[in-house]
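All remarks here apply to the structure that follows.
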Amino acid sequence: MGFEFTNKVLLLDKDPEFLMEMKSNFDKEGEVIDLVTSSSASKGIGLLGEENFDAVVSCSRMQKRDYIDFLNKIRNEREIEVPFVLLIDKKDNEIILEALKEGVNRVIHKEENINLSYNILLEVLNQEIQQYLRNKELEQLRYEFNKNFRLFRI
């Protein structure tokens with residue numbers, strides 16, 4: 001299963017080299033993800049206010065704000081419900097459990113091999129965005145069904 005059209009994804013990471021390498025991989029001819037990068041949460045928040053994104057990917061350790069503050073800001077203040085993928089530098093069960101409890105859709109390990117990280121992230125984004133779109137479509141179908149048959153809950 002693949003993407004049917006180009007999806008826009010915001011990637012936040014404190015490492016500019018990682019951002020450049022990931023951007024380069026996603027910019028390859030034929031890729032269907034438009035990757036926008038930011039090295040700070042505050043710039044990421046600004047970008048989310050300016051553009052629509054289909055998913056957000058964040059490193060677990062951002063400058064000045066951690067990923068939970070960033071996630072809460074986009075979910076609660078901005079009411080953005082797109083998939084949120086967390087990149088972690090080391091496998092730590094406490095971070096993983098906390099992230100999932102806070103509403104992160106997927107946690108993946110940031111591999112030392114950039115191509116491996118790219119391939120894993122591409123597959124995860126494919127899965128998460130497709131699931132998000134299916135859920136939105138199902139929500140709309142339920143709404144239309146309830147509207148047509150006047151089955152609204154009070």
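In the structure tokens, each chain is lettered A, B, ... as it comes, each chain's residues begin at 1, and ligands are numbered from 1 in order of appearance.
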- [ ] Determine which residues of region 1-100 of chain A receive a DSSP assignment of helix (DSSP H, G or I), computed from the backbone, and state them as a PyMOL selection string.
- [x] chain A and resi 16-26+41-50+67-77+93-100
Open item on the list: Just list as a ChimeraX atom specification whatever in region 32-107 of chain A DSSP marks as strand (DSSP E or B).
Closed with: /A:33-38,55-59,61,66,84-88,106-107
Dump N, CA and C atoms for the selected residues as a short mmCIF file (atom, residue, chain, number, x, y, z; two decimals), in the first residue's frame?
```
data_model
loop_
_atom_site.label_atom_id
_atom_site.label_comp_id
_atom_site.auth_asym_id
_atom_site.auth_seq_id
_atom_site.Cartn_x
_atom_site.Cartn_y
_atom_site.Cartn_z
N ILE A 33 6.52 12.33 -0.43
CA ILE A 33 6.41 13.09 0.82
C ILE A 33 7.21 14.37 0.66
N ASP A 34 6.54 15.48 0.91
CA ASP A 34 7.19 16.78 0.93
C ASP A 34 7.61 17.00 2.37
N LEU A 35 8.91 16.87 2.65
CA LEU A 35 9.42 16.98 4.01
C LEU A 35 9.85 18.40 4.29
N VAL A 36 9.26 18.99 5.33
CA VAL A 36 9.64 20.32 5.81
C VAL A 36 10.34 20.10 7.13
N THR A 37 11.51 20.73 7.31
CA THR A 37 12.30 20.49 8.51
C THR A 37 12.42 21.73 9.37
N SER A 38 12.64 21.49 10.66
CA SER A 38 12.87 22.57 11.61
C SER A 38 13.75 22.03 12.73
N ALA A 55 1.39 14.86 8.78
CA ALA A 55 2.01 14.16 9.92
C ALA A 55 3.11 15.04 10.48
N VAL A 56 3.47 14.77 11.74
CA VAL A 56 4.56 15.46 12.41
C VAL A 56 5.49 14.40 12.98
N VAL A 57 6.79 14.60 12.78
CA VAL A 57 7.81 13.72 13.35
C VAL A 57 8.71 14.60 14.20
N SER A 58 8.97 14.15 15.43
CA SER A 58 9.81 14.93 16.33
C SER A 58 10.83 14.05 17.03
N CYS A 59 12.01 14.58 17.22
CA CYS A 59 13.02 13.93 18.05
C CYS A 59 12.55 14.05 19.50
N ARG A 61 14.23 14.75 22.07
CA ARG A 61 14.90 15.84 22.79
C ARG A 61 15.07 17.05 21.89
N ASP A 66 10.49 19.96 25.37
CA ASP A 66 10.55 18.55 25.03
C ASP A 66 9.36 18.19 24.17
N PHE A 84 1.45 11.74 14.93
CA PHE A 84 2.67 12.27 15.56
C PHE A 84 3.60 11.09 15.81
N VAL A 85 4.76 11.12 15.16
CA VAL A 85 5.76 10.06 15.28
C VAL A 85 6.93 10.60 16.08
N LEU A 86 7.37 9.84 17.06
CA LEU A 86 8.48 10.25 17.90
C LEU A 86 9.73 9.45 17.55
N LEU A 87 10.85 10.17 17.34
CA LEU A 87 12.15 9.54 17.11
C LEU A 87 12.90 9.54 18.44
N ILE A 88 13.40 8.38 18.84
CA ILE A 88 14.19 8.32 20.08
C ILE A 88 15.61 7.88 19.74
N ARG A 106 3.29 6.73 17.13
CA ARG A 106 4.30 5.70 16.91
C ARG A 106 5.64 6.21 17.43
N VAL A 107 6.41 5.32 18.01
CA VAL A 107 7.76 5.62 18.48
C VAL A 107 8.72 4.75 17.69
#
```
- [ ] May I have the residues within 10 Å of region 119-128 of chain A as a PyMOL selection string, using only C-alpha atoms and disregarding those fewer than 2 positions away in the same chain?
- [x] chain A and resi 1-3+7+9+22+25-26+31-33+54-57+82-85+87+105-111+114-117+130-134
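The closest residue to Ala99 (chain A), picked from A:Leu11, A:Tyr67, A:Lys73, A:Ile80 and counting only C-alpha atoms, is A:Tyr67.
Of note, CA of Asp27 (chain A) and CA of Tyr118 (chain A) are spaced 11.5 Å apart.
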Open item on the list: One decimal, in Å: what's the spacing between CA of Ile129 (chain A) and CA of Phe53 (chain A)?
Closed with: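 Computing it gives 10.4 Å between the two atoms.
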